[in-house]
Each structure stands twice: as structure tokens, then as C-alpha cells.
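A.B. asks: My structure is stored as start11.cif, with mmCIF, C-alpha atoms and all ligand atoms.
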```
data_model
#
loop_
_atom_site.label_atom_id
_atom_site.label_comp_id
_atom_site.auth_asym_id
_atom_site.auth_seq_id
_atom_site.Cartn_x
_atom_site.Cartn_y
_atom_site.Cartn_z
CA MET A 1 -30.61 14.01 -6.23
CA VAL A 2 -31.00 17.67 -5.57
CA GLU A 3 -28.97 17.28 -2.38
CA ARG A 4 -25.85 16.31 -4.31
CA CYS A 5 -25.86 19.49 -6.41
CA LYS A 6 -23.10 22.03 -5.78
CA ALA A 7 -24.45 24.62 -8.22
CA CYS A 8 -21.46 24.62 -10.56
CA GLY A 9 -23.73 25.61 -13.45
CA PHE A 10 -22.23 23.15 -15.96
CA CYS A 11 -25.62 21.60 -16.78
CA VAL A 12 -27.25 25.00 -17.26
CA GLU A 13 -24.48 26.32 -19.48
CA PHE A 14 -23.99 23.29 -21.71
CA CYS A 15 -27.55 22.10 -22.20
CA PRO A 16 -27.83 22.53 -25.97
CA THR A 17 -31.40 23.83 -25.82
CA LYS A 18 -31.22 25.86 -22.59
CA VAL A 19 -33.75 23.79 -20.70
CA LEU A 20 -32.32 24.56 -17.27
CA ALA A 21 -31.61 27.50 -15.01
CA LEU A 22 -30.25 27.65 -11.48
CA SER A 23 -33.19 28.13 -9.16
CA SER A 24 -33.46 30.47 -6.22
CA ALA A 25 -34.26 27.54 -3.93
CA PHE A 26 -31.58 26.16 -1.59
CA ASN A 27 -30.65 22.57 -0.93
CA SER A 28 -29.59 21.61 2.59
CA LYS A 29 -25.95 22.51 1.87
CA GLY A 30 -26.97 25.98 0.76
CA TYR A 31 -26.49 25.54 -2.99
CA HIS A 32 -29.00 26.61 -5.64
CA PRO A 33 -29.78 23.53 -7.72
CA PRO A 34 -31.04 23.88 -11.29
CA HIS A 35 -34.68 23.62 -12.25
CA VAL A 36 -36.39 23.08 -15.57
CA VAL A 37 -37.50 26.27 -17.26
CA ASN A 38 -38.13 24.99 -20.79
CA PRO A 39 -39.32 21.38 -20.42
CA GLU A 40 -40.67 21.16 -23.97
CA LYS A 41 -37.20 21.80 -25.37
CA CYS A 42 -35.50 18.85 -23.68
CA SER A 43 -34.35 16.16 -26.11
CA GLY A 44 -33.23 13.74 -23.41
CA CYS A 45 -29.68 13.93 -24.76
CA ASP A 46 -28.21 13.48 -21.27
CA LEU A 47 -25.42 15.97 -21.82
CA CYS A 48 -26.38 17.48 -18.45
CA GLY A 49 -25.80 14.02 -16.96
CA MET A 50 -22.39 13.70 -18.58
CA TYR A 51 -21.31 17.13 -17.39
CA CYS A 52 -22.59 17.03 -13.83
CA PRO A 53 -19.52 16.48 -11.63
CA ASP A 54 -21.73 15.65 -8.67
CA PHE A 55 -23.91 12.95 -10.31
CA ALA A 56 -26.91 15.10 -9.42
CA ILE A 57 -28.78 15.33 -12.73
CA TYR A 58 -29.33 13.33 -15.90
CA GLY A 59 -31.53 13.33 -18.95
CA TYR A 60 -33.49 10.51 -20.53
CA LYS A 61 -35.82 9.91 -23.41
CA LEU A 62 -39.26 8.64 -22.56
CA PRO A 63 -40.30 5.88 -24.93
CA ASN A 64 -43.24 6.89 -27.15
CA ALA A 65 -43.55 10.25 -25.56
CA ALA A 66 -42.56 13.81 -25.95
CA PRO A 67 -38.99 14.34 -24.76
CA GLN A 68 -38.66 14.74 -21.02
CA LYS A 69 -35.75 14.74 -18.68
CA GLY A 70 -34.60 13.79 -15.23
CA VAL A 71 -34.42 16.77 -12.95
CA PRO A 72 -32.28 16.85 -9.83
CA ASP A 73 -35.04 15.90 -7.45
CA GLU A 74 -36.09 12.99 -9.59
CA GLY A 75 -32.72 11.27 -9.94
CA MET B 1 -38.38 8.62 -10.49
CA SER B 2 -38.65 4.94 -10.93
CA ASP B 3 -37.67 3.31 -14.21
CA PHE B 4 -35.00 5.82 -15.05
CA THR B 5 -31.69 6.09 -13.32
CA ASN B 6 -28.62 8.13 -13.91
CA PRO B 7 -26.36 5.91 -16.09
CA VAL B 8 -23.43 6.54 -13.74
CA GLU B 9 -25.34 5.39 -10.65
CA PRO B 10 -24.70 1.62 -10.97
CA PHE B 11 -20.96 2.34 -11.07
CA LEU B 12 -20.91 4.38 -7.86
CA ARG B 13 -20.61 3.50 -4.19
CA THR B 14 -23.64 5.64 -3.48
CA ASP B 15 -23.23 5.30 0.27
CA ARG B 16 -20.13 7.48 -0.10
CA MET B 17 -21.97 10.30 -1.84
CA PRO B 18 -21.81 13.24 -1.74
CA HIS B 19 -18.16 13.08 -2.71
CA ILE B 20 -15.47 15.42 -1.39
CA TRP B 21 -14.70 17.13 -4.70
CA CYS B 22 -15.23 20.89 -4.72
CA PRO B 23 -17.99 22.67 -6.63
CA GLY B 24 -16.88 22.96 -10.26
CA CYS B 25 -14.12 20.35 -9.95
CA GLY B 26 -13.85 18.35 -13.17
CA ILE B 27 -13.00 14.95 -11.71
CA GLY B 28 -16.65 13.87 -11.35
CA THR B 29 -17.29 14.76 -14.97
CA THR B 30 -14.50 12.40 -16.04
CA VAL B 31 -16.14 9.65 -13.99
CA ASN B 32 -19.37 10.14 -15.96
CA CYS B 33 -17.42 9.68 -19.18
CA PHE B 34 -15.69 6.61 -17.82
CA ALA B 35 -19.06 5.09 -16.86
CA ARG B 36 -20.49 5.79 -20.33
CA ALA B 37 -17.39 4.16 -21.86
CA LEU B 38 -17.90 1.04 -19.74
CA ILE B 39 -21.52 0.86 -20.91
CA GLU B 40 -20.64 1.49 -24.54
CA SER B 41 -17.79 -1.02 -24.69
CA LYS B 42 -19.94 -3.65 -22.92
CA ILE B 43 -16.90 -4.65 -20.97
CA ASP B 44 -17.34 -7.45 -18.45
CA LEU B 45 -17.12 -5.68 -15.11
CA GLU B 46 -15.89 -8.89 -13.49
CA SER B 47 -12.77 -8.61 -15.64
CA LEU B 48 -12.16 -4.98 -14.74
CA ALA B 49 -9.82 -3.58 -12.11
CA LEU B 50 -9.28 0.11 -11.44
CA VAL B 51 -6.14 1.37 -9.74
CA SER B 52 -5.57 4.87 -8.40
CA GLY B 53 -2.69 6.53 -6.63
CA ILE B 54 -3.09 9.36 -4.13
CA GLY B 55 -4.64 12.76 -4.77
CA CYS B 56 -8.06 14.24 -5.40
CA THR B 57 -8.20 12.14 -8.57
CA GLY B 58 -7.00 9.12 -6.63
CA ARG B 59 -10.29 9.27 -4.76
CA VAL B 60 -11.98 7.79 -7.82
CA ALA B 61 -10.93 4.34 -6.63
CA GLY B 62 -12.96 4.84 -3.47
CA TYR B 63 -16.08 6.07 -5.24
CA VAL B 64 -16.51 3.50 -8.02
CA LYS B 65 -18.31 0.24 -7.38
CA LEU B 66 -15.71 -1.87 -9.16
CA ASP B 67 -12.74 -3.90 -8.04
CA SER B 68 -10.69 -0.85 -7.24
CA PHE B 69 -7.42 -0.22 -5.46
CA HIS B 70 -6.29 2.98 -3.81
CA THR B 71 -2.54 2.47 -3.77
CA THR B 72 0.38 4.56 -2.51
CA HIS B 73 1.37 7.86 -4.09
CA GLY B 74 2.96 7.39 -7.51
CA ARG B 75 2.63 3.63 -7.46
CA ALA B 76 -0.62 3.06 -9.32
CA ILE B 77 1.21 1.90 -12.45
CA PRO B 78 3.52 -0.64 -10.78
CA PHE B 79 0.58 -1.98 -8.77
CA ALA B 80 -1.48 -2.25 -11.96
CA THR B 81 1.43 -3.89 -13.78
CA GLY B 82 1.56 -6.57 -11.11
CA LEU B 83 -2.17 -7.19 -11.42
CA LYS B 84 -1.95 -7.48 -15.18
CA LEU B 85 1.09 -9.77 -15.23
CA ALA B 86 -0.36 -12.08 -12.60
CA ASN B 87 -3.76 -12.20 -14.26
CA PRO B 88 -3.48 -11.28 -17.94
CA LYS B 89 -7.22 -11.66 -18.49
CA LEU B 90 -7.94 -8.59 -16.40
CA ASN B 91 -8.66 -5.26 -18.02
CA VAL B 92 -6.65 -2.94 -15.86
CA VAL B 93 -7.38 0.78 -15.72
CA VAL B 94 -5.13 3.29 -13.97
CA TYR B 95 -7.07 6.40 -12.96
CA SER B 96 -4.93 9.06 -11.35
CA GLY B 97 -3.70 12.63 -11.25
CA ASP B 98 -0.98 14.40 -13.19
CA GLY B 99 1.24 14.68 -10.12
CA ASP B 100 0.79 11.08 -9.12
CA LEU B 101 1.50 9.79 -12.63
CA SER B 102 4.15 12.18 -13.91
CA ALA B 103 6.02 13.44 -10.82
CA ILE B 104 6.53 10.84 -8.10
CA GLY B 105 5.29 8.14 -10.51
CA GLY B 106 7.02 9.54 -13.59
CA ASN B 107 9.55 6.75 -13.96
CA HIS B 108 6.86 4.10 -13.75
CA LEU B 109 4.91 5.94 -16.43
CA ILE B 110 7.70 6.01 -18.99
CA HIS B 111 8.82 2.46 -18.34
CA ALA B 112 5.31 1.03 -18.54
CA ALA B 113 4.94 2.82 -21.88
CA ARG B 114 8.35 1.55 -23.04
CA ARG B 115 7.45 -2.01 -22.12
CA ASN B 116 4.00 -1.56 -23.61
CA ILE B 117 2.24 -3.02 -20.60
CA ASP B 118 -1.42 -3.51 -21.49
CA LEU B 119 -2.85 -0.78 -19.21
CA LYS B 120 -5.44 1.92 -19.85
CA VAL B 121 -4.22 5.05 -18.12
CA ILE B 122 -6.64 7.92 -17.51
CA CYS B 123 -4.70 10.94 -16.29
CA VAL B 124 -6.76 13.79 -14.89
CA ASN B 125 -4.50 16.77 -15.42
CA ASN B 126 -5.52 19.78 -13.34
CA LEU B 127 -2.02 21.25 -13.76
CA ILE B 128 -1.26 21.04 -10.06
CA TYR B 129 -0.91 18.91 -6.92
CA ALA B 130 -4.42 19.66 -5.79
CA MET B 131 -4.99 17.50 -2.75
CA THR B 132 -1.98 18.82 -0.87
CA GLY B 133 -2.73 22.50 -1.38
CA GLY B 134 -1.84 23.40 -4.93
CA GLN B 135 1.92 22.98 -5.30
CA THR B 136 3.75 23.26 -8.63
CA ALA B 137 3.63 19.96 -10.53
CA PRO B 138 5.65 18.88 -13.57
CA THR B 139 2.54 19.76 -15.59
CA THR B 140 2.14 23.30 -14.21
CA PRO B 141 2.45 25.77 -17.09
CA SER B 142 5.26 28.33 -16.89
CA HIS B 143 4.35 31.54 -15.08
CA ALA B 144 1.47 29.96 -13.12
CA ILE B 145 1.06 31.03 -9.52
CA THR B 146 0.96 28.11 -7.15
CA SER B 147 1.50 27.68 -3.42
CA THR B 148 5.16 26.86 -4.08
CA SER B 149 5.62 29.46 -6.82
CA PRO B 150 3.95 32.59 -5.42
CA TYR B 151 5.74 34.76 -8.01
CA GLY B 152 5.00 32.41 -10.90
CA SER B 153 6.57 29.11 -11.88
CA CYS B 154 9.82 29.45 -13.80
CA GLU B 155 9.83 25.81 -14.92
CA PRO B 156 8.85 24.47 -18.30
CA ALA B 157 6.03 21.90 -18.06
CA PHE B 158 5.89 18.32 -19.25
CA ASN B 159 3.87 17.80 -22.40
CA LEU B 160 2.45 14.44 -21.35
CA PRO B 161 1.22 13.17 -24.76
CA HIS B 162 4.70 13.85 -26.18
CA LEU B 163 6.38 12.13 -23.25
CA VAL B 164 4.34 8.94 -23.44
CA GLU B 165 4.46 8.75 -27.21
CA ALA B 166 8.25 9.01 -27.13
CA ALA B 167 8.35 6.32 -24.46
CA GLY B 168 6.26 3.94 -26.57
CA ALA B 169 2.53 4.24 -25.83
CA VAL B 170 0.32 2.75 -28.55
CA TYR B 171 -2.70 4.99 -27.93
CA VAL B 172 -2.51 8.62 -26.86
CA ALA B 173 -5.39 11.08 -26.69
CA ARG B 174 -6.16 14.31 -24.91
CA TRP B 175 -9.53 15.86 -24.16
CA THR B 176 -10.81 18.39 -21.67
CA THR B 177 -13.75 17.97 -19.33
CA PHE B 178 -15.75 20.02 -21.84
CA HIS B 179 -15.36 17.18 -24.41
CA VAL B 180 -17.52 14.65 -22.61
CA ARG B 181 -18.69 12.57 -25.57
CA GLN B 182 -15.25 12.49 -27.19
CA LEU B 183 -13.66 11.48 -23.90
CA ALA B 184 -16.14 8.64 -23.39
CA ARG B 185 -15.44 7.44 -26.94
CA SER B 186 -11.67 7.55 -26.43
CA ILE B 187 -11.89 5.52 -23.24
CA ALA B 188 -14.08 2.94 -24.99
CA GLU B 189 -11.59 2.86 -27.87
CA ALA B 190 -8.68 2.29 -25.51
CA PHE B 191 -10.47 -0.78 -24.15
CA ASN B 192 -10.25 -2.30 -27.62
CA LYS B 193 -6.56 -1.65 -27.87
CA LYS B 194 -3.86 -3.99 -26.61
CA GLY B 195 -0.94 -2.18 -25.04
CA PHE B 196 -0.18 0.98 -23.13
CA SER B 197 -2.94 3.54 -23.69
CA PHE B 198 -2.84 7.02 -22.25
CA ILE B 199 -5.74 9.45 -22.13
CA GLU B 200 -5.07 12.87 -20.68
CA VAL B 201 -8.06 14.87 -19.46
CA ILE B 202 -7.48 18.55 -18.81
CA SER B 203 -9.69 19.36 -15.84
CA PRO B 204 -10.46 22.40 -13.68
CA CYS B 205 -9.26 22.74 -10.11
CA PRO B 206 -11.08 25.97 -9.33
CA THR B 207 -10.11 25.87 -5.68
CA LEU B 208 -6.36 25.81 -6.09
CA PHE B 209 -5.32 26.47 -9.67
CA GLN B 210 -7.89 28.80 -11.19
CA ARG B 211 -8.44 30.85 -8.03
CA ARG B 212 -4.76 31.64 -7.45
CA ASN B 213 -4.35 32.54 -11.09
CA LYS B 214 -7.49 34.67 -11.21
CA LEU B 215 -9.01 32.46 -13.88
CA GLY B 216 -12.46 32.30 -12.35
CA ASP B 217 -14.39 29.23 -11.28
CA GLY B 218 -15.03 25.81 -12.76
CA LEU B 219 -17.62 27.09 -15.19
CA ASP B 220 -15.31 29.86 -16.43
CA THR B 221 -12.67 27.21 -17.02
CA MET B 222 -15.12 25.00 -18.92
CA LYS B 223 -16.01 27.98 -21.13
CA TYR B 224 -12.30 28.56 -21.74
CA TYR B 225 -11.93 24.91 -22.78
CA LYS B 226 -14.86 25.27 -25.14
CA GLU B 227 -13.52 28.45 -26.67
CA LYS B 228 -9.81 27.66 -26.86
CA SER B 229 -9.71 23.94 -27.68
CA LYS B 230 -8.89 22.81 -31.19
CA VAL B 231 -9.49 19.24 -32.27
CA LYS B 232 -6.48 18.01 -34.23
CA HIS B 233 -6.47 14.25 -34.59
CA GLY B 234 -3.01 12.97 -35.40
CA ALA B 235 -1.34 16.23 -34.37
CA PRO B 236 2.39 15.79 -33.78
CA THR B 237 2.60 15.47 -30.00
CA SER B 238 5.68 17.73 -29.95
CA GLU B 239 3.28 20.53 -30.85
CA VAL B 240 0.58 20.00 -28.23
CA GLY B 241 2.26 21.56 -25.19
CA MET B 242 -0.03 23.61 -22.95
CA THR B 243 0.23 27.20 -21.84
CA MET B 244 -1.66 29.07 -19.11
CA THR B 245 -4.48 30.53 -21.17
CA GLY B 246 -3.65 29.66 -24.77
CA GLU B 247 -5.02 27.18 -27.25
CA ILE B 248 -5.49 23.59 -26.10
CA ILE B 249 -4.90 21.00 -28.79
CA VAL B 250 -7.14 17.98 -28.21
CA GLY B 251 -7.82 14.79 -30.13
CA LYS B 252 -6.43 11.36 -30.73
CA PHE B 253 -2.74 11.82 -31.38
CA VAL B 254 -1.39 8.28 -31.53
CA ASP B 255 -3.03 4.97 -32.49
CA ARG B 256 -0.48 2.35 -33.48
CA ASP B 257 0.27 -1.29 -32.86
CA ARG B 258 3.28 -3.04 -31.44
CA PRO B 259 3.56 -6.21 -29.37
CA ASP B 260 2.66 -5.75 -25.73
CA TYR B 261 4.91 -6.83 -22.88
CA GLN B 262 3.43 -10.27 -22.38
CA THR B 263 3.59 -11.08 -26.10
CA MET B 264 7.23 -10.03 -26.16
CA ALA B 265 8.01 -12.00 -23.03
CA ARG B 266 6.51 -15.16 -24.53
CA ALA B 267 8.34 -14.65 -27.83
CA GLN B 268 11.64 -14.18 -26.04
CA LEU B 269 11.18 -17.32 -23.98
CA ALA B 270 10.18 -19.32 -27.05
CA GLU B 271 13.26 -18.11 -28.90
CA SER B 272 15.66 -18.80 -26.06
CA LEU B 273 14.21 -22.05 -24.82
CA GLY B 274 13.20 -23.60 -28.12
CA ASP B 275 11.57 -26.97 -27.48
CA ARG B 276 11.81 -26.49 -23.76
CA PHE B 277 9.33 -23.60 -23.87
CA VAL B 278 5.89 -24.77 -22.85
CA GLU B 279 3.07 -22.31 -23.38
CA GLN B 280 0.89 -22.38 -20.33
CA ALA B 281 -2.74 -22.78 -21.19
CA GLU B 282 -3.78 -20.54 -18.34
CA MET B 283 -1.46 -18.01 -16.85
CA VAL B 284 -4.06 -17.03 -14.30
CA CYS B 285 -3.94 -16.95 -10.54
CA SER B 286 -7.17 -18.04 -8.97
C1 LIG C 1 5.02 9.32 -0.72
C2 LIG C 1 4.11 10.50 -0.66
N1 LIG C 1 4.59 11.72 -0.94
C3 LIG C 1 3.78 12.79 -0.91
C4 LIG C 1 2.46 12.64 -0.60
C5 LIG C 1 1.57 13.85 -0.54
N2 LIG C 1 0.69 13.95 -1.70
C6 LIG C 1 -0.58 13.47 -1.65
S1 LIG C 1 -1.43 13.74 -3.05
C7 LIG C 1 -0.11 14.55 -3.75
C8 LIG C 1 -0.18 15.15 -5.11
C9 LIG C 1 -1.40 14.85 -5.87
O1 LIG C 1 -1.38 15.49 -7.10
P1 LIG C 1 -2.10 14.84 -8.33
O2 LIG C 1 -1.64 13.45 -8.55
O3 LIG C 1 -1.96 15.76 -9.48
O4 LIG C 1 -3.61 14.70 -7.86
P2 LIG C 1 -4.73 15.81 -7.70
O5 LIG C 1 -4.92 15.99 -6.23
O6 LIG C 1 -4.26 17.04 -8.39
O7 LIG C 1 -5.92 15.20 -8.38
C10 LIG C 1 0.98 14.58 -2.87
C11 LIG C 1 2.26 15.23 -3.18
C12 LIG C 1 1.99 11.35 -0.31
N3 LIG C 1 0.70 11.12 -0.03
N4 LIG C 1 2.83 10.29 -0.34
S1 LIG C 2 -26.92 19.60 -11.18
FE1 LIG C 2 -24.76 19.08 -11.35
S2 LIG C 2 -24.03 20.19 -13.15
FE2 LIG C 2 -25.97 21.12 -12.55
S3 LIG C 2 -25.40 22.81 -11.18
FE3 LIG C 2 -25.79 21.02 -9.87
S4 LIG C 2 -23.79 20.07 -9.58
FE4 LIG C 2 -23.59 21.47 -11.35
S1 LIG C 3 -31.18 15.99 -21.38
FE1 LIG C 3 -32.47 17.80 -21.64
S2 LIG C 3 -31.84 19.16 -19.96
FE2 LIG C 3 -30.23 17.62 -20.18
S3 LIG C 3 -28.76 18.58 -21.57
FE3 LIG C 3 -30.12 17.33 -22.85
S4 LIG C 3 -31.70 18.75 -23.51
FE4 LIG C 3 -30.67 19.72 -21.77
S1 LIG C 4 -8.93 20.76 -4.67
FE1 LIG C 4 -9.14 20.96 -6.89
S2 LIG C 4 -8.89 18.88 -7.73
FE2 LIG C 4 -9.26 18.70 -5.50
S3 LIG C 4 -11.47 18.41 -5.33
FE3 LIG C 4 -11.10 20.61 -5.13
S4 LIG C 4 -11.30 21.41 -7.21
FE4 LIG C 4 -11.06 19.19 -7.39
MG MG C 5 -3.22 17.21 -10.20
#
```
If you convert what's in this file into C-alpha cells, what do you get?
Ligand SMILES: Cc1ncc(C[n+]2csc(CCOP(=O)(O)OP(=O)(O)O)c2C)c(N)n1
Ligand code: SF4
Ligand code: SF4
Ligand code: SF4
Ligand SMILES: [Mg+2]

C.D. replies:
Amino acid sequence: MVERCKACGFCVEFCPTKVLALSSAFNSKGYHPPHVVNPEKCSGCDLCGMYCPDFAIYGYKLPNAAPQKGVPDEG
Amino acid sequence: MSDFTNPVEPFLRTDRMPHIWCPGCGIGTTVNCFARALIESKIDLESLALVSGIGCTGRVAGYVKLDSFHTTHGRAIPFATGLKLANPKLNVVVYSGDGDLSAIGGNHLIHAARRNIDLKVICVNNLIYAMTGGQTAPTTPSHAITSTSPYGSCEPAFNLPHLVEAAGAVYVARWTTFHVRQLARSIAEAFNKKGFSFIEVISPCPTLFQRRNKLGDGLDTMKYYKEKSKVKHGAPTSEVGMTMTGEIIVGKFVDRDRPDYQTMARAQLAESLGDRFVEQAEMVCS
């Protein structure tokens, strides 16, 4: 849901393991959505999902797999 | 992505997204917490009604895929009271702004607390009337610059937890939008409580409050919440008043039991009518 992102930075700032960073790419509204810079560090805790005021990102745990997360363009 | 969805998604009217809230506004974050609380408390969504007044926060009623009502300004609580009295099996949530609930709706707030009407009130407090351009609200801290106090507000602000505790609320908590897990837990807890529950959420309005007061954007405000909040469960509510940039006391302040309005009404009728009082099996409109 990269199009919903308004680049507030909450997810980037409050991800406990600093998985995310705002990217240099633009969405169609001109905001820079986050992208994953440290995928191996994601625990799937979904704090990013709880913080995101625009319902644009969330995290999840893959069953029987290394932790992964939902990124804005996957939601 | 297929099998995974954002937990909030099933609770949203997705056709209305993107929402109108500004970048860095905290209202959407509170909605995430509310959705998590609904999941955690396993509440039957068919039994749930959500009532909002008018304001940026009032928009929640239009964005959630629940039985929701966007009522007139200040009248969310009386509307919700009517719903609850007519259909006591409903779980009724009031989701509105500080101005809606404590200014124009202030009398309804204190009397619903006094009567202990079984309502769950979520008050998003951004310290201002946001939707109408950032006027001073009863919750605006002294000295704050607003559109109606360009030289700083000279008024003392309401301390909402203190107000509703004094009026009779059985559950009173305050969190900020930084405290997402705690807020979700408090909302879930309020669902298990019978009586008037009040949860205040301090939330950024970067567009109208923070900008005028040179307090940065939404993220700066979230960092301030993180840095300056102190969790003090059971803190005396007389001591939790807010200032512009000072400490924010958060936590669960009040959790007590007393008969709710409908229990008291039944008891009064039974006492006055004696044998003539007939308990209705179902007091439900269909
Ligand atoms: C009877 C009436 N008076 C005034 C208004 C204008 N009005 C709309 S929203 C609002 C204040 C909203 O403040 P708050 O409840 O704090 O919500 P916020 O926008 O800050 O979330 C006012 C005064 C109105 N809609 N109806
Ligand atoms: S994904 Fe959400 S929390 Fe992250 S920057 Fe975008 S709007 Fe903000
Ligand atoms: S789910 Fe992953 S990206 Fe999201 S906050 Fe948790 S660790 Fe960070
Ligand atoms: S004006 Fe303030 S409260 Fe309203 S949507 Fe914008 S940031 Fe949120
Ligand atoms: Mg407000």
C-alpha cells in the first residue's frame, strides 16, 4: 500500500531493529515511502503496523521461516 | 502479498482510503490500536456500535467498517447513551476529539460519567479544535499559540482524567500515540469493564498545533512523547495535568466498580414498585 504512505517516518523511527529507511523513490502523491534496508533484522513484531497512521505498512511473522515483514508495496 | 493482510484492514472502509488526515497526524495510529483491541478482546462485531461527533477525530466513524454513527458536534455521548439504553446488549464506543467531548459536549461527558452509563469513550486529545483551523480548546495548555490566541492562551486547561474521575468514571487511562501496545491493551480492558470508561490519547496535530507552536512535525512530537512520558499507574488524577512541553503522565489511573446506570435504574424501580416491578426478560428493540 505504498500509495497510502505520507512519509511521516513513524515506522522508520520506531522499528526496534531499524529495518526500514525512507527511500528516495516517490509515490504518486510525491511522498517518499519507506523501504527495507535490513530485512534479516525484522522480527515481524508489527510495531510499524501499529504506528502507521496511514495503514500503509505492517509486519508479520512467516510460519516456519526466518522473520520477514510486509513492506508498503506488499500490503 | 496474499495470505498476509494488515490487521487493521478488515476494520476499514478501504474504498474511502486514503483518508484525509495530514501526514504525521496521530488519529490513524489510534485506529490501529483500536483494531488490535477489537481483535484481542474477541468482541462480537455485531454487538458493537461506534459513535463519533464532529472533527478530524470524528472522521473515524466514516472510516471504520462497523456500525458507526457520525453525529452532530458534541452529541456523540447523548446519541450513544440512547443506543445503549434502547439496546443494552450493544457494546457502545464513543470515539471523538477533545473539543467535541469536553467543550461543546462537556456537559454530556460529566453527566454520562456521573450516571455511569456503560460507554467506552476514546478521546483523541490533540489539544486543539483541529478541523476548524486550530482554535483554543478547553484542553489547550496555557501559553499555547492558536488561531484564537495568537499571543498565547491565557486560560488554564482541563485535566480530563481528573474531570471524569471526579464525575464518576469507573475506568480512566491516558496514553499517547507513542504508546501503541499499552493503548490497545487499555481499550481491550475497557471492553471488559461495565460502566463509564474513558481513555485519553494524546495525539499530534502537526498541521495546526505543533506548527504554530514551533514544535516540529508529527515525528518530532512522537519523539517528545517517548522522551517525556512517565508511566504512573494509579497516579492521582489531580496531578496529571498537561503543560506545553513538560512531562506527560500516562497510565491507568482509575479502575473501580460501581453499579452502572441500568443496574441502578432497575434497583430503583424494584424498590419503589415492589411486587409490581416486572423484570423484562429482554429489554431489546429489534
Ligand atoms: C454546532 C457546531 N458548532 C461548531 C461546529 C464547528 N466545529 C466542527 S469540528 C469542531 C471542533 C473539533 O475539535 P475536536 O473535537 O477537538 O476534534 P479534532 O478536529 O481536533 O480532532 C468545531 C468547533 C460544528 N460543526 N457544529
Ligand atoms: S509507511 Fe506509514 S508510518 Fe511509515 S512513513 Fe509511510 S505513512 Fe509513515
Ligand atoms: S515488523 Fe519488522 S519492520 Fe516492522 S517494526 Fe517490527 S521489526 Fe521493524
Ligand atoms: S488538522 Fe491536525 S488533527 Fe486534523 S488531520 Fe490534520 S494533523 Fe490531524
Ligand atoms: Mg482536538

A.B. asks: In Å, how far is it from atom C7 of ligand LIG 1 (chain C) to atom CA of A:Asp54?

C.D. replies: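 Atom C7 of ligand LIG 1 (chain C) sits 22.2 Å away from atom CA of A:Asp54.
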
A.B. asks: Could you name the residues that touch A:Tyr51 at 12 Å or less, counting all atoms listed in the file, but leaving out those on the same chain fewer than 3 positions away, as a ChimeraX atom specification?

C.D. replies: /A:8-15,45-48,54-59 /B:8,24-34,36,176-181,183-184,203,218-219,222

A.B. asks: Please identify the residues whose atoms come within 8 Å of ligand MG 5 (chain C), using all atoms listed in the file, and report them as a VMD selection string.

C.D. replies: chain B and resid 55 to 57 97 to 100 124 to 131 137

A.B. asks: Can you work out the spacing between atom CA of B:Asn116 and atom CA of B:Asp257 in Å, to one decimal?

C.D. replies: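 Spanning atom CA of B:Asn116 to atom CA of B:Asp257 is a straight-line distance of 10.0 Å.
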
A.B. asks: Please measure the separation of atom CA of B:Lys42 and atom CA of B:Asn192, giving the value in Å to one decimal.

C.D. replies: 10.9 Å

A.B. asks: Using all atoms listed in the file, which of B:Ile248, B:Leu273, B:Val278, B:Ile104 sits nearest ligand LIG 1 (chain C)?

C.D. replies: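 Selected residue with least distance to ligand LIG 1 (chain C): B:Ile104.
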
A.B. asks: Select, counting only C-alpha atoms, all protein, DNA and RNA residues no farther than 9 Å from (-35.9, 31.2, -10.0) in file coordinates, and express the selection as a VMD selection string.

C.D. replies: chain A and resid 21 to 25 34 to 35 37

A.B. asks: Check the smallest atom-to-atom distance from each of B:Phe198, B:Tyr261, B:Trp21, B:Tyr63 to ligand LIG 4 (chain C) using all atoms listed in the file, then report the winner.

C.D. replies: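 Among B:Phe198, B:Tyr261, B:Trp21, B:Tyr63, it is B:Trp21 that comes nearest to ligand LIG 4 (chain C).
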
A.B. asks: Which residues, written as a list in words, have at least one atom at most 8 Å from B:Ser186, with only C-alpha atoms counted and residues fewer than 6 positions away on the same chain left out?

C.D. replies: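 My reading of the contact set: Ala173, Ile199 and Lys252 of chain B.
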
A.B. asks: Keeping only C-alpha atoms, write the selected residues to a file as a PDB file, in the frame of the given file.

C.D. replies:
```pdb
ATOM      1  CA  ALA B 173      -5.390  11.080 -26.690  1.00  0.00           C
ATOM      2  CA  ILE B 199      -5.740   9.450 -22.130  1.00  0.00           C
ATOM      3  CA  LYS B 252      -6.430  11.360 -30.730  1.00  0.00           C
TER       4      LYS B 252
END
```

A.B. asks: Pick out the residues sitting within 12 Å of stretch 13-18 of chain B, and hand them over as a PyMOL selection string; count all atoms listed in the file, and ignore anything fewer than 2 positions along from it in its own chain.

C.D. replies: (chain A and resi 1-6+29+53-56) or (chain B and resi 6+8-11+20-23+28+59-68)

A.B. asks: Nearest residue to ligand LIG 1 (chain C) out of B:Leu160, B:Ala235, B:Ala167, B:Leu101, using only C-alpha atoms and all ligand atoms?

C.D. replies: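 For ligand LIG 1 (chain C), the nearest of the given residues is B:Leu101.
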
A.B. asks: Can you pull out every residue within 9 Å of B:Arg114, counting all atoms listed in the file, but drop anything in the same chain fewer than 2 positions away, and send it as a PyMOL selection string?

C.D. replies: chain B and resi 109-112+116-117+164+166-169+196

A.B. asks: Taking into account all atoms listed in the file, which residue in the set A:Leu20, A:Cys42, A:Val36, A:Ala7 is nearest to chain B?

C.D. replies: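 The answer is A:Ala7, which sits nearest to chain B.
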
A.B. asks: Choose the residue, out of B:Gly216, B:Gln268, B:Asp255, B:Gly105, that has the smallest atom-to-atom separation from chain A; count only C-alpha atoms.

C.D. replies: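 Checking each of B:Gly216, B:Gln268, B:Asp255, B:Gly105 against chain A, counting only C-alpha atoms, the winner is B:Gly216.
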
A.B. asks: Ligand LIG 2 (chain C), all listed atoms, 4 Å padding on each side: what axis-aligned box centre and edge lengths in Å to one decimal come out, as lines of an AutoDock Vina configuration file?

C.D. replies:
```
center_x = -25.3
center_y = 20.9
center_z = -11.4
size_x = 11.3
size_y = 11.7
size_z = 11.6
```

A.B. asks: Please determine, counting all atoms listed in the file, which residue among A:Pro33, A:Pro16, A:Gly49, A:Gly44 has the shortest atom-to-atom distance to chain B.

C.D. replies: A:Gly49
